[in-house]
$ cat model-v1.cif   # mmCIF, C-alpha atoms and all ligand atoms
data_input
loop_
_atom_site.label_atom_id
_atom_site.label_comp_id
_atom_site.auth_asym_id
_atom_site.auth_seq_id
_atom_site.Cartn_x
_atom_site.Cartn_y
_atom_site.Cartn_z
CA ALA A 1 -26.22 -32.65 -37.66
CA MET A 2 -23.29 -34.39 -39.30
CA ALA A 3 -19.96 -32.73 -38.49
CA GLY A 4 -18.61 -33.38 -41.98
CA LEU A 5 -16.02 -35.65 -43.46
CA ALA A 6 -12.40 -36.00 -42.42
CA PRO A 7 -9.98 -34.78 -45.10
CA CYS A 8 -7.79 -37.31 -46.92
CA ILE A 9 -4.06 -37.47 -47.51
CA GLN A 10 -2.29 -39.42 -50.23
CA LEU A 11 -0.33 -42.54 -49.33
CA ASN A 12 3.03 -43.31 -50.98
CA ASP A 13 1.27 -45.77 -53.34
CA GLY A 14 -1.17 -43.12 -54.63
CA TYR A 15 -4.30 -44.14 -52.71
CA ASN A 16 -6.08 -41.63 -50.47
CA ILE A 17 -6.65 -42.26 -46.76
CA PRO A 18 -9.09 -40.34 -44.51
CA ILE A 19 -7.07 -38.83 -41.65
CA LEU A 20 -9.37 -40.04 -38.85
CA ALA A 21 -10.62 -43.61 -38.31
CA LEU A 22 -13.08 -45.27 -35.94
CA GLY A 23 -11.21 -47.74 -33.69
CA THR A 24 -12.92 -51.05 -32.97
CA GLY A 25 -10.13 -52.70 -30.92
CA ARG A 26 -11.26 -54.92 -28.08
CA GLY A 27 -8.56 -53.82 -25.64
CA THR A 28 -10.53 -51.00 -24.13
CA ILE A 29 -13.99 -52.31 -24.88
CA LYS A 30 -15.72 -52.62 -21.53
CA GLU A 31 -16.81 -56.06 -20.30
CA SER A 32 -20.41 -54.91 -20.48
CA GLU A 33 -20.05 -54.09 -24.17
CA THR A 34 -21.33 -56.60 -26.69
CA LEU A 35 -20.04 -57.31 -30.17
CA ASP A 36 -23.35 -55.99 -31.47
CA GLN A 37 -22.36 -52.59 -30.10
CA VAL A 38 -19.44 -52.64 -32.55
CA ARG A 39 -21.89 -53.10 -35.45
CA GLN A 40 -23.97 -50.25 -34.08
CA ALA A 41 -20.90 -48.03 -33.57
CA VAL A 42 -19.70 -48.61 -37.14
CA PHE A 43 -23.13 -47.71 -38.52
CA TRP A 44 -23.41 -44.57 -36.36
CA ALA A 45 -19.89 -43.56 -37.32
CA ILE A 46 -20.58 -43.79 -41.05
CA GLU A 47 -23.83 -41.88 -40.54
CA GLU A 48 -21.82 -39.21 -38.73
CA GLY A 49 -19.27 -38.86 -41.56
CA TYR A 50 -16.53 -41.39 -40.72
CA ARG A 51 -15.19 -43.02 -43.86
CA HIS A 52 -12.34 -45.01 -42.28
CA ILE A 53 -12.82 -48.01 -39.96
CA ASP A 54 -9.94 -49.80 -38.21
CA THR A 55 -10.27 -53.47 -37.23
CA ALA A 56 -8.05 -56.58 -36.96
CA ALA A 57 -8.43 -60.35 -37.12
CA ILE A 58 -7.49 -60.59 -33.43
CA TYR A 59 -10.28 -58.20 -32.36
CA GLY A 60 -12.86 -60.87 -33.18
CA ASP A 61 -15.23 -58.22 -34.48
CA GLU A 62 -14.65 -58.18 -38.25
CA GLU A 63 -18.08 -59.72 -38.74
CA GLN A 64 -19.78 -56.92 -36.79
CA VAL A 65 -17.70 -54.28 -38.59
CA GLY A 66 -18.88 -55.82 -41.87
CA LEU A 67 -22.52 -55.79 -40.74
CA GLY A 68 -22.30 -52.10 -39.79
CA ILE A 69 -20.79 -51.30 -43.18
CA ALA A 70 -23.39 -53.38 -45.04
CA GLU A 71 -26.20 -51.60 -43.20
CA ALA A 72 -24.79 -48.19 -44.18
CA ILE A 73 -24.38 -49.24 -47.81
CA ASN A 74 -27.85 -50.82 -47.96
CA LYS A 75 -29.42 -47.65 -46.56
CA GLY A 76 -27.69 -45.62 -49.28
CA ILE A 77 -25.51 -43.59 -46.88
CA VAL A 78 -22.25 -44.56 -48.63
CA THR A 79 -20.92 -46.75 -51.41
CA ARG A 80 -18.09 -49.21 -50.83
CA ASP A 81 -15.63 -47.07 -52.78
CA GLN A 82 -16.26 -44.13 -50.42
CA LEU A 83 -15.10 -46.19 -47.44
CA PHE A 84 -11.58 -47.03 -46.29
CA VAL A 85 -11.35 -50.29 -44.32
CA THR A 86 -8.19 -51.32 -42.48
CA THR A 87 -7.60 -54.78 -41.01
CA LYS A 88 -4.54 -56.61 -39.68
CA LEU A 89 -2.71 -59.94 -39.92
CA TRP A 90 -2.24 -61.68 -36.58
CA ASN A 91 1.13 -62.94 -35.28
CA ASP A 92 0.41 -66.62 -35.91
CA LYS A 93 0.01 -66.13 -39.69
CA HIS A 94 3.44 -64.74 -40.48
CA ALA A 95 4.62 -67.53 -42.78
CA ARG A 96 4.62 -66.24 -46.36
CA GLN A 97 2.07 -68.81 -47.55
CA ASP A 98 -0.28 -68.03 -44.62
CA VAL A 99 -0.77 -64.34 -45.41
CA VAL A 100 -3.15 -64.51 -48.39
CA PRO A 101 -5.37 -67.19 -46.79
CA ALA A 102 -5.53 -65.14 -43.54
CA LEU A 103 -6.64 -62.07 -45.50
CA ARG A 104 -9.23 -64.14 -47.40
CA GLU A 105 -10.64 -65.22 -44.01
CA SER A 106 -10.80 -61.59 -42.83
CA LEU A 107 -12.56 -60.59 -46.07
CA ARG A 108 -15.08 -63.39 -45.64
CA ARG A 109 -15.86 -62.22 -42.10
CA LEU A 110 -16.06 -58.58 -43.24
CA GLY A 111 -18.25 -59.47 -46.23
CA LEU A 112 -15.92 -57.48 -48.50
CA ASP A 113 -13.95 -58.41 -51.59
CA TYR A 114 -10.99 -56.16 -50.74
CA VAL A 115 -9.69 -54.06 -47.87
CA ASP A 116 -8.14 -50.67 -48.41
CA LEU A 117 -5.27 -51.36 -46.05
CA TYR A 118 -3.78 -54.58 -44.64
CA LEU A 119 -1.24 -54.29 -41.84
CA ILE A 120 1.20 -56.73 -40.21
CA HIS A 121 -0.19 -56.25 -36.67
CA PHE A 122 3.11 -56.82 -34.79
CA PRO A 123 6.69 -57.53 -35.88
CA ILE A 124 6.86 -60.58 -33.59
CA SER A 125 5.60 -63.99 -34.68
CA GLU A 126 3.85 -66.58 -32.55
CA LYS A 127 2.93 -70.20 -33.04
CA ALA A 128 -0.78 -71.09 -32.96
CA ASP A 129 -0.46 -71.83 -29.20
CA GLY A 130 0.98 -68.36 -28.55
CA SER A 131 4.54 -69.55 -27.95
CA PRO A 132 7.32 -67.60 -29.68
CA ASP A 133 8.09 -68.27 -33.32
CA ASN A 134 10.98 -66.79 -35.28
CA ILE A 135 9.64 -65.96 -38.72
CA ASP A 136 11.44 -63.04 -40.32
CA HIS A 137 8.90 -60.32 -41.11
CA LEU A 138 10.70 -59.80 -44.44
CA GLU A 139 9.10 -63.13 -45.35
CA THR A 140 5.72 -61.94 -44.08
CA TRP A 141 6.18 -58.80 -46.17
CA GLN A 142 6.50 -60.96 -49.31
CA GLY A 143 3.11 -62.48 -48.47
CA MET A 144 1.66 -58.99 -47.97
CA GLN A 145 2.86 -58.00 -51.46
CA GLU A 146 1.17 -61.11 -52.88
CA ALA A 147 -2.09 -60.06 -51.18
CA ARG A 148 -1.77 -56.61 -52.74
CA ASP A 149 -0.93 -58.02 -56.19
CA LEU A 150 -4.07 -60.19 -56.03
CA GLY A 151 -6.14 -57.05 -55.39
CA LEU A 152 -7.24 -58.30 -51.95
CA ALA A 153 -5.63 -55.26 -50.29
CA ARG A 154 -5.14 -51.93 -52.08
CA SER A 155 -2.41 -50.75 -49.71
CA ILE A 156 -0.16 -52.69 -47.37
CA GLY A 157 1.67 -51.61 -44.27
CA VAL A 158 2.84 -52.48 -40.78
CA SER A 159 1.99 -51.80 -37.14
CA ASN A 160 4.18 -51.57 -34.03
CA PHE A 161 7.42 -51.59 -36.07
CA ASN A 162 10.29 -49.61 -34.51
CA ILE A 163 12.87 -47.45 -36.33
CA THR A 164 15.33 -50.31 -36.90
CA GLN A 165 12.59 -52.64 -38.16
CA ILE A 166 11.18 -50.02 -40.56
CA SER A 167 14.64 -49.22 -41.94
CA ARG A 168 15.49 -52.86 -42.51
CA LEU A 169 12.12 -53.59 -44.16
CA VAL A 170 12.49 -50.68 -46.58
CA GLU A 171 16.16 -51.31 -47.38
CA SER A 172 15.86 -55.07 -47.80
CA SER A 173 12.58 -55.26 -49.72
CA GLY A 174 12.65 -51.97 -51.62
CA VAL A 175 8.90 -51.76 -50.94
CA ARG A 176 7.89 -49.02 -48.53
CA PRO A 177 4.92 -49.75 -46.29
CA ALA A 178 2.12 -47.24 -46.94
CA VAL A 179 1.47 -46.95 -43.20
CA ASN A 180 3.00 -47.71 -39.80
CA GLN A 181 0.34 -47.80 -37.05
CA PHE A 182 1.62 -47.32 -33.50
CA GLU A 183 0.76 -45.65 -30.20
CA VAL A 184 0.92 -41.84 -30.12
CA ASN A 185 -0.72 -39.64 -27.46
CA PRO A 186 0.35 -36.92 -24.98
CA THR A 187 2.31 -39.31 -22.72
CA MET A 188 3.82 -41.25 -25.66
CA THR A 189 4.63 -38.58 -28.24
CA GLN A 190 7.05 -40.71 -30.31
CA GLU A 191 8.90 -37.85 -32.06
CA PRO A 192 11.81 -40.02 -33.33
CA LEU A 193 9.61 -42.77 -34.84
CA VAL A 194 7.11 -40.27 -36.29
CA THR A 195 9.93 -38.27 -37.92
CA HIS A 196 11.55 -41.43 -39.27
CA CYS A 197 8.29 -42.58 -40.89
CA GLN A 198 7.40 -39.14 -42.22
CA ASN A 199 10.88 -38.75 -43.78
CA LEU A 200 10.30 -42.04 -45.63
CA GLY A 201 6.82 -40.98 -46.78
CA ILE A 202 5.16 -43.57 -44.53
CA ALA A 203 1.84 -42.34 -43.09
CA VAL A 204 1.38 -42.79 -39.33
CA MET A 205 -1.85 -44.03 -37.78
CA ALA A 206 -1.95 -43.12 -34.07
CA TYR A 207 -3.55 -45.78 -31.86
CA SER A 208 -4.72 -45.25 -28.27
CA PRO A 209 -4.90 -41.57 -29.27
CA PHE A 210 -6.34 -40.42 -25.94
CA GLY A 211 -3.53 -41.97 -23.92
CA PHE A 212 -4.31 -41.71 -20.22
CA VAL A 213 -6.56 -38.68 -20.71
CA VAL A 214 -9.40 -41.22 -20.66
CA SER A 215 -9.60 -43.78 -17.86
CA ARG A 216 -7.89 -47.13 -18.52
CA LYS A 217 -8.63 -50.33 -16.69
CA GLY A 218 -5.95 -51.63 -14.36
CA SER A 219 -3.32 -48.97 -14.93
CA GLN A 220 -1.86 -46.15 -12.88
CA ALA A 221 -2.62 -43.10 -14.98
CA PRO A 222 0.27 -40.67 -15.49
CA PRO A 223 -0.68 -37.03 -16.16
CA PRO A 224 -2.17 -35.30 -18.06
CA GLY A 225 -5.67 -36.33 -17.05
CA VAL A 226 -8.93 -34.94 -18.37
CA ASP A 227 -8.80 -32.20 -15.68
CA ASP A 228 -5.29 -31.03 -16.57
CA PRO A 229 -5.33 -27.17 -16.39
CA THR A 230 -3.32 -26.72 -19.63
CA LEU A 231 -5.64 -28.99 -21.61
CA VAL A 232 -8.76 -27.52 -19.98
CA ALA A 233 -7.59 -24.00 -20.90
CA LEU A 234 -7.16 -25.05 -24.55
CA ALA A 235 -10.56 -26.75 -24.51
CA ASN A 236 -12.18 -23.56 -23.18
CA LYS A 237 -10.30 -21.38 -25.69
CA TYR A 238 -11.60 -23.36 -28.68
CA GLY A 239 -14.99 -24.41 -27.27
CA LYS A 240 -14.02 -28.09 -27.52
CA THR A 241 -13.57 -30.98 -25.08
CA VAL A 242 -10.16 -32.04 -23.79
CA GLU A 243 -10.51 -35.26 -25.84
CA GLN A 244 -11.09 -33.18 -29.00
CA ILE A 245 -7.99 -31.10 -28.20
CA VAL A 246 -5.94 -34.30 -27.96
CA LEU A 247 -7.23 -35.57 -31.34
CA ARG A 248 -6.52 -32.19 -32.95
CA TYR A 249 -2.98 -32.26 -31.48
CA LEU A 250 -2.34 -35.53 -33.37
CA ILE A 251 -3.86 -34.16 -36.58
CA GLU A 252 -1.65 -31.04 -36.40
CA ARG A 253 1.34 -33.41 -36.28
CA GLY A 254 0.21 -34.99 -39.56
CA LEU A 255 -0.98 -38.21 -37.87
CA ILE A 256 -4.16 -40.26 -38.40
CA PRO A 257 -5.82 -40.80 -34.99
CA ILE A 258 -8.04 -43.87 -34.44
CA PRO A 259 -10.37 -42.96 -31.57
CA LYS A 260 -12.47 -45.90 -30.34
CA SER A 261 -15.96 -45.27 -29.06
CA THR A 262 -19.18 -47.22 -29.04
CA ASN A 263 -21.12 -44.24 -27.64
CA LYS A 264 -23.17 -42.29 -30.20
CA GLY A 265 -22.44 -38.87 -28.74
CA ARG A 266 -18.70 -39.50 -28.35
CA ILE A 267 -18.48 -40.98 -31.87
CA ALA A 268 -19.94 -37.69 -33.15
CA GLN A 269 -17.69 -35.61 -30.87
CA ASN A 270 -14.52 -37.35 -32.03
CA ILE A 271 -14.94 -36.44 -35.71
CA ASP A 272 -15.97 -32.86 -34.90
CA VAL A 273 -12.35 -31.68 -34.91
CA PHE A 274 -12.00 -30.15 -38.37
CA ASP A 275 -13.31 -26.63 -37.64
CA PHE A 276 -10.40 -25.35 -35.51
CA GLN A 277 -6.59 -25.50 -35.37
CA LEU A 278 -3.94 -25.51 -32.65
CA SER A 279 -0.91 -23.26 -33.02
CA ASP A 280 2.64 -24.65 -33.29
CA ASN A 281 3.25 -23.44 -29.73
CA GLU A 282 0.18 -25.25 -28.43
CA VAL A 283 1.30 -28.45 -30.17
CA ALA A 284 4.75 -28.07 -28.58
CA THR A 285 3.14 -27.49 -25.17
CA ILE A 286 1.16 -30.73 -25.40
CA SER A 287 4.25 -32.63 -26.61
CA ARG A 288 6.01 -31.63 -23.38
CA PHE A 289 3.67 -34.01 -21.49
CA ASN A 290 5.68 -36.89 -22.99
CA LYS A 291 6.75 -39.57 -20.49
CA ASN A 292 7.41 -42.48 -22.84
CA ILE A 293 4.71 -44.42 -20.97
CA ARG A 294 2.67 -46.82 -23.10
CA VAL A 295 -1.00 -47.71 -22.83
CA VAL A 296 -0.22 -50.87 -24.86
CA ASN A 297 2.78 -52.53 -23.25
CA PRO A 298 2.83 -56.25 -24.10
CA THR A 299 5.72 -57.18 -21.80
CA ASP A 300 4.65 -60.85 -21.94
CA TRP A 301 6.37 -60.84 -25.33
CA LYS A 302 9.58 -59.14 -24.27
CA ASP A 303 11.69 -62.25 -24.77
CA TYR A 304 10.23 -63.02 -28.22
CA PRO A 305 12.40 -62.42 -31.29
CA ASN A 306 11.73 -59.00 -32.86
CA TYR A 307 10.06 -57.50 -29.76
CA PRO A 308 9.73 -53.87 -30.88
CA PHE A 309 9.59 -51.95 -27.59
CA GLU A 310 11.99 -51.17 -24.74
CA ARG A 311 12.30 -54.25 -22.53
CA ASP A 312 12.41 -52.74 -18.99
P1 LIG A 401 -8.60 -44.81 -27.34
O1 LIG A 401 -7.50 -43.83 -27.07
O2 LIG A 401 -9.35 -44.68 -28.60
O3 LIG A 401 -9.59 -44.74 -26.09
C1 LIG A 401 -10.80 -45.44 -26.07
C2 LIG A 401 -11.51 -45.14 -24.75
O4 LIG A 401 -11.85 -43.75 -24.68
C3 LIG A 401 -12.79 -45.91 -24.57
O5 LIG A 401 -12.89 -46.26 -23.21
C4 LIG A 401 -13.88 -44.88 -24.94
O6 LIG A 401 -15.05 -45.16 -24.25
C5 LIG A 401 -13.25 -43.59 -24.47
N1 LIG A 401 -13.64 -42.42 -25.26
C6 LIG A 401 -13.73 -42.34 -26.63
N2 LIG A 401 -14.05 -41.09 -27.02
C7 LIG A 401 -14.16 -40.35 -25.89
C8 LIG A 401 -14.47 -38.98 -25.65
N3 LIG A 401 -14.72 -38.13 -26.66
N4 LIG A 401 -14.52 -38.56 -24.35
C9 LIG A 401 -14.27 -39.41 -23.34
N5 LIG A 401 -13.96 -40.71 -23.51
C10 LIG A 401 -13.90 -41.18 -24.77
O7 LIG A 401 -7.94 -46.23 -27.13
P2 LIG A 401 -7.76 -47.62 -27.88
O8 LIG A 401 -6.69 -48.29 -27.15
O9 LIG A 401 -9.07 -48.30 -28.04
O10 LIG A 401 -7.18 -47.26 -29.33
C11 LIG A 401 -8.02 -46.91 -30.38
C12 LIG A 401 -7.98 -47.90 -31.52
O11 LIG A 401 -6.66 -48.07 -32.03
C13 LIG A 401 -8.42 -49.32 -31.14
O12 LIG A 401 -9.81 -49.42 -31.02
C14 LIG A 401 -7.84 -50.10 -32.29
O13 LIG A 401 -8.67 -49.96 -33.43
C15 LIG A 401 -6.49 -49.40 -32.49
N6 LIG A 401 -5.40 -50.05 -31.73
C16 LIG A 401 -4.40 -50.70 -32.45
C17 LIG A 401 -3.37 -51.33 -31.82
C18 LIG A 401 -2.29 -52.01 -32.63
O14 LIG A 401 -1.51 -52.78 -32.07
N7 LIG A 401 -2.20 -51.74 -33.91
C19 LIG A 401 -3.27 -51.37 -30.34
C20 LIG A 401 -4.31 -50.62 -29.67
C21 LIG A 401 -5.32 -49.99 -30.35
P3 LIG A 401 -16.51 -45.20 -25.00
O15 LIG A 401 -16.44 -46.26 -26.06
O16 LIG A 401 -17.46 -45.53 -23.90
O17 LIG A 401 -16.72 -43.83 -25.59
#
$ encode --input "model-v1.cif" --output "structure tokens" --more "lines below"
Ligand code: NDP
Amino acid sequence: AMAGLAPCIQLNDGYNIPILALGTGRGTIKESETLDQVRQAVFWAIEEGYRHIDTAAIYGDEEQVGLGIAEAINKGIVTRDQLFVTTKLWNDKHARQDVVPALRESLRRLGLDYVDLYLIHFPISEKADGSPDNIDHLETWQGMQEARDLGLARSIGVSNFNITQISRLVESSGVRPAVNQFEVNPTMTQEPLVTHCQNLGIAVMAYSPFGFVVSRKGSQAPPPGVDDPTLVALANKYGKTVEQIVLRYLIERGLIPIPKSTNKGRIAQNIDVFDFQLSDNEVATISRFNKNIRVVNPTDWKDYPNYPFERD
């Protein structure tokens, strides 16, 4: 049976956003997974009650996301206006005049005539060959506003912007992003950046929400793992899995987690987190796992202008 819908919160531009999204990022998609599994996952997710799907031009799966959505609409499960679709501008389209055409390409692949949310994927800019460029994201932000004014994106925002970059964007443009999407999980709790965004009325989407609680290819996993006694005790107390406890931890903090799964059972499990609550003390206990260790750590870019993360 369907677990039910995720609640919505209101963005600073007045639109509503469901507080849990299906992730479709390729980073953790296993080699054995096919793009068609993304289509299938999107369809299953909508069937299960998800109303928010997160994709990006760079994921190479917008077409499959669009097919999953079309299938759900054609079968009468949802209407377009009941869905919230997020996609992202890649680093090589940061010139002001490149933003609207890049979004039109994403919309063509998605088979949609607007997205609900368009994000600048990273604050750094690259040339088409991946070498560093130095386009000021204030310029990119102008292009994002043009996309919004054309009705191609209802809301606009950013991803992977740090405190300094958010402050400068808001102060210089006078236009607050609706959302900043960045990594938050038990080993990367991000209190300063979360507080900064929340004080400005900028909603936070939490990517890689499971952190190292789930296994990650090619990385040494810092604790807590899925067998951590504190997390297991909470899971037993509430009759949930450790992964569900981690998602609920993010929701209690007012964040919008984006769990990725292409597995039908885990897709269902990940939205079944709206029938229990963690106490403030339990949230604080999980936050003490923080180690400032990132799942997504693109150190290849550390010498690029506007690199947002610590450089060590
Ligand atoms: P997640 O934290 O969502 O972890 C995904 C992994 O967890 C997959 O291996 C998945 O496997 C597994 N998993 C999912 N649910 C469960 C469960 N209930 N129990 C056990 N294992 C589970 O990591 P991601 O890095 O994929 O981040 C999520 C999304 O965030 C991305 O898909 C993307 O949309 C977005 N993102 C955005 C970034 C940005 O720069 N803006 C960067 C990184 C991610 P399986 O599929 O087999 O269930």
$ closest_atom_pairs --input "model-v1.cif" --of "chain A" --to "ligand LIG 401 (chain A)" --cutoff "8 Å" --atoms "only C-alpha atoms and all ligand atoms" --output "JSON lines"
{"residue": "A:Leu22", "atom": "CA", "partner": "A:LIG401", "partner_atom": "O13", "distance": 6.9}
{"residue": "A:Gly23", "atom": "CA", "partner": "A:LIG401", "partner_atom": "O13", "distance": 3.4}
{"residue": "A:Thr24", "atom": "CA", "partner": "A:LIG401", "partner_atom": "O12", "distance": 4.0}
{"residue": "A:Gly25", "atom": "CA", "partner": "A:LIG401", "partner_atom": "O12", "distance": 3.3}
{"residue": "A:Arg26", "atom": "CA", "partner": "A:LIG401", "partner_atom": "O12", "distance": 6.4}
{"residue": "A:Gly27", "atom": "CA", "partner": "A:LIG401", "partner_atom": "O8", "distance": 6.0}
{"residue": "A:Thr28", "atom": "CA", "partner": "A:LIG401", "partner_atom": "O9", "distance": 5.0}
{"residue": "A:Ile29", "atom": "CA", "partner": "A:LIG401", "partner_atom": "O5", "distance": 6.4}
{"residue": "A:Lys30", "atom": "CA", "partner": "A:LIG401", "partner_atom": "O5", "distance": 7.2}
{"residue": "A:Ile53", "atom": "CA", "partner": "A:LIG401", "partner_atom": "O13", "distance": 8.0}
{"residue": "A:Asp54", "atom": "CA", "partner": "A:LIG401", "partner_atom": "O13", "distance": 4.9}
{"residue": "A:Thr55", "atom": "CA", "partner": "A:LIG401", "partner_atom": "O13", "distance": 5.4}
{"residue": "A:Ala56", "atom": "CA", "partner": "A:LIG401", "partner_atom": "O13", "distance": 7.5}
{"residue": "A:Lys88", "atom": "CA", "partner": "A:LIG401", "partner_atom": "N7", "distance": 7.9}
{"residue": "A:His121", "atom": "CA", "partner": "A:LIG401", "partner_atom": "N7", "distance": 5.7}
{"residue": "A:Phe122", "atom": "CA", "partner": "A:LIG401", "partner_atom": "O14", "distance": 6.7}
{"residue": "A:Ser159", "atom": "CA", "partner": "A:LIG401", "partner_atom": "N7", "distance": 5.3}
{"residue": "A:Asn160", "atom": "CA", "partner": "A:LIG401", "partner_atom": "O14", "distance": 6.1}
{"residue": "A:Gln181", "atom": "CA", "partner": "A:LIG401", "partner_atom": "N7", "distance": 5.6}
{"residue": "A:Phe182", "atom": "CA", "partner": "A:LIG401", "partner_atom": "N7", "distance": 5.9}
{"residue": "A:Glu183", "atom": "CA", "partner": "A:LIG401", "partner_atom": "C19", "distance": 7.0}
{"residue": "A:Asn185", "atom": "CA", "partner": "A:LIG401", "partner_atom": "O1", "distance": 8.0}
{"residue": "A:Ala206", "atom": "CA", "partner": "A:LIG401", "partner_atom": "O11", "distance": 7.1}
{"residue": "A:Tyr207", "atom": "CA", "partner": "A:LIG401", "partner_atom": "O11", "distance": 3.9}
{"residue": "A:Ser208", "atom": "CA", "partner": "A:LIG401", "partner_atom": "O1", "distance": 3.3}
{"residue": "A:Pro209", "atom": "CA", "partner": "A:LIG401", "partner_atom": "O1", "distance": 4.1}
{"residue": "A:Phe210", "atom": "CA", "partner": "A:LIG401", "partner_atom": "O1", "distance": 3.8}
{"residue": "A:Gly211", "atom": "CA", "partner": "A:LIG401", "partner_atom": "O1", "distance": 5.4}
{"residue": "A:Phe212", "atom": "CA", "partner": "A:LIG401", "partner_atom": "O1", "distance": 7.8}
{"residue": "A:Val214", "atom": "CA", "partner": "A:LIG401", "partner_atom": "O4", "distance": 5.3}
{"residue": "A:Ser215", "atom": "CA", "partner": "A:LIG401", "partner_atom": "O5", "distance": 6.8}
{"residue": "A:Arg216", "atom": "CA", "partner": "A:LIG401", "partner_atom": "O5", "distance": 6.9}
{"residue": "A:Thr241", "atom": "CA", "partner": "A:LIG401", "partner_atom": "N3", "distance": 7.4}
{"residue": "A:Val242", "atom": "CA", "partner": "A:LIG401", "partner_atom": "N4", "distance": 7.9}
{"residue": "A:Glu243", "atom": "CA", "partner": "A:LIG401", "partner_atom": "N3", "distance": 5.2}
{"residue": "A:Gln244", "atom": "CA", "partner": "A:LIG401", "partner_atom": "N3", "distance": 6.6}
{"residue": "A:Pro257", "atom": "CA", "partner": "A:LIG401", "partner_atom": "O11", "distance": 7.9}
{"residue": "A:Ile258", "atom": "CA", "partner": "A:LIG401", "partner_atom": "C12", "distance": 5.0}
{"residue": "A:Pro259", "atom": "CA", "partner": "A:LIG401", "partner_atom": "O2", "distance": 3.6}
{"residue": "A:Lys260", "atom": "CA", "partner": "A:LIG401", "partner_atom": "O2", "distance": 3.8}
{"residue": "A:Ser261", "atom": "CA", "partner": "A:LIG401", "partner_atom": "O15", "distance": 3.2}
{"residue": "A:Thr262", "atom": "CA", "partner": "A:LIG401", "partner_atom": "O15", "distance": 4.2}
{"residue": "A:Asn263", "atom": "CA", "partner": "A:LIG401", "partner_atom": "O17", "distance": 4.9}
{"residue": "A:Arg266", "atom": "CA", "partner": "A:LIG401", "partner_atom": "N3", "distance": 4.5}
{"residue": "A:Ile267", "atom": "CA", "partner": "A:LIG401", "partner_atom": "N2", "distance": 6.6}
{"residue": "A:Gln269", "atom": "CA", "partner": "A:LIG401", "partner_atom": "N3", "distance": 5.7}
{"residue": "A:Asn270", "atom": "CA", "partner": "A:LIG401", "partner_atom": "N3", "distance": 5.4}
{"residue": "A:Val295", "atom": "CA", "partner": "A:LIG401", "partner_atom": "O8", "distance": 7.2}
{"residue": "A:Val296", "atom": "CA", "partner": "A:LIG401", "partner_atom": "C19", "distance": 6.3}
$ atom_distance --input "model-v1.cif" --atom1 "CA of Phe276 in chain A" --atom2 "CA of Arg253 in chain A"
14.3 Å
$ closest_residue --input "model-v1.cif" --among "A:Leu150, A:Ile286, A:Leu112, A:Ala57" --to "Ile69 in chain A" --atoms "all atoms listed in the file"
A:Leu112
$ atom_distance --input "model-v1.cif" --atom1 "CA of Asn162 in chain A" --atom2 "CA of Gly14 in chain A"
24.0 Å
$ residues_around --input "model-v1.cif" --residues "Phe43 in chain A" --least-positions-apart "2" --cutoff "9 Å" --atoms "all atoms listed in the file" --output "ChimeraX atom specification"
/A:38-41,45-48,65,67-72
$ write_last_selection --input "model-v1.cif" --atoms "C-alpha atoms" --output "PDB file, in the frame of the given file"
ATOM      1  CA  VAL A  38     -19.440 -52.640 -32.550  1.00  0.00           C
ATOM      2  CA  ARG A  39     -21.890 -53.100 -35.450  1.00  0.00           C
ATOM      3  CA  GLN A  40     -23.970 -50.250 -34.080  1.00  0.00           C
ATOM      4  CA  ALA A  41     -20.900 -48.030 -33.570  1.00  0.00           C
ATOM      5  CA  ALA A  45     -19.890 -43.560 -37.320  1.00  0.00           C
ATOM      6  CA  ILE A  46     -20.580 -43.790 -41.050  1.00  0.00           C
ATOM      7  CA  GLU A  47     -23.830 -41.880 -40.540  1.00  0.00           C
ATOM      8  CA  GLU A  48     -21.820 -39.210 -38.730  1.00  0.00           C
ATOM      9  CA  VAL A  65     -17.700 -54.280 -38.590  1.00  0.00           C
ATOM     10  CA  LEU A  67     -22.520 -55.790 -40.740  1.00  0.00           C
ATOM     11  CA  GLY A  68     -22.300 -52.100 -39.790  1.00  0.00           C
ATOM     12  CA  ILE A  69     -20.790 -51.300 -43.180  1.00  0.00           C
ATOM     13  CA  ALA A  70     -23.390 -53.380 -45.040  1.00  0.00           C
ATOM     14  CA  GLU A  71     -26.200 -51.600 -43.200  1.00  0.00           C
ATOM     15  CA  ALA A  72     -24.790 -48.190 -44.180  1.00  0.00           C
TER      16      ALA A  72
END
$ atom_distance --input "model-v1.cif" --atom1 "CA of Asp81 in chain A" --atom2 "CA of Pro18 in chain A"
12.5 Å
$ closest_residue --input "model-v1.cif" --among "A:Ile166, A:Ile124, A:Ala178, A:Met2" --to "Gln145 in chain A" --atoms "only C-alpha atoms"
A:Ala178
$ closest_residue --input "model-v1.cif" --among "A:Ala153, A:Ile202, A:Val158, A:Leu20" --to "Val100 in chain A" --atoms "all atoms listed in the file"
A:Ala153
$ residues_near_point --input "model-v1.cif" --point "(8.7, -38.0, -48.2)" --cutoff "12 Å" --atoms "only C-alpha atoms" --output "JSON, numbers by chain"
{"A": [10, 11, 12, 13, 176, 178, 195, 196, 197, 198, 199, 200, 201, 202, 203]}
$ write_last_selection --input "model-v1.cif" --atoms "C-alpha atoms" --output "CSV table (one decimal), keeping the file's coordinate frame"
chain,number,residue,atom,x,y,z
A,10,GLN,CA,-2.3,-39.4,-50.2
A,11,LEU,CA,-0.3,-42.5,-49.3
A,12,ASN,CA,3.0,-43.3,-51.0
A,13,ASP,CA,1.3,-45.8,-53.3
A,176,ARG,CA,7.9,-49.0,-48.5
A,178,ALA,CA,2.1,-47.2,-46.9
A,195,THR,CA,9.9,-38.3,-37.9
A,196,HIS,CA,11.6,-41.4,-39.3
A,197,CYS,CA,8.3,-42.6,-40.9
A,198,GLN,CA,7.4,-39.1,-42.2
A,199,ASN,CA,10.9,-38.8,-43.8
A,200,LEU,CA,10.3,-42.0,-45.6
A,201,GLY,CA,6.8,-41.0,-46.8
A,202,ILE,CA,5.2,-43.6,-44.5
A,203,ALA,CA,1.8,-42.3,-43.1
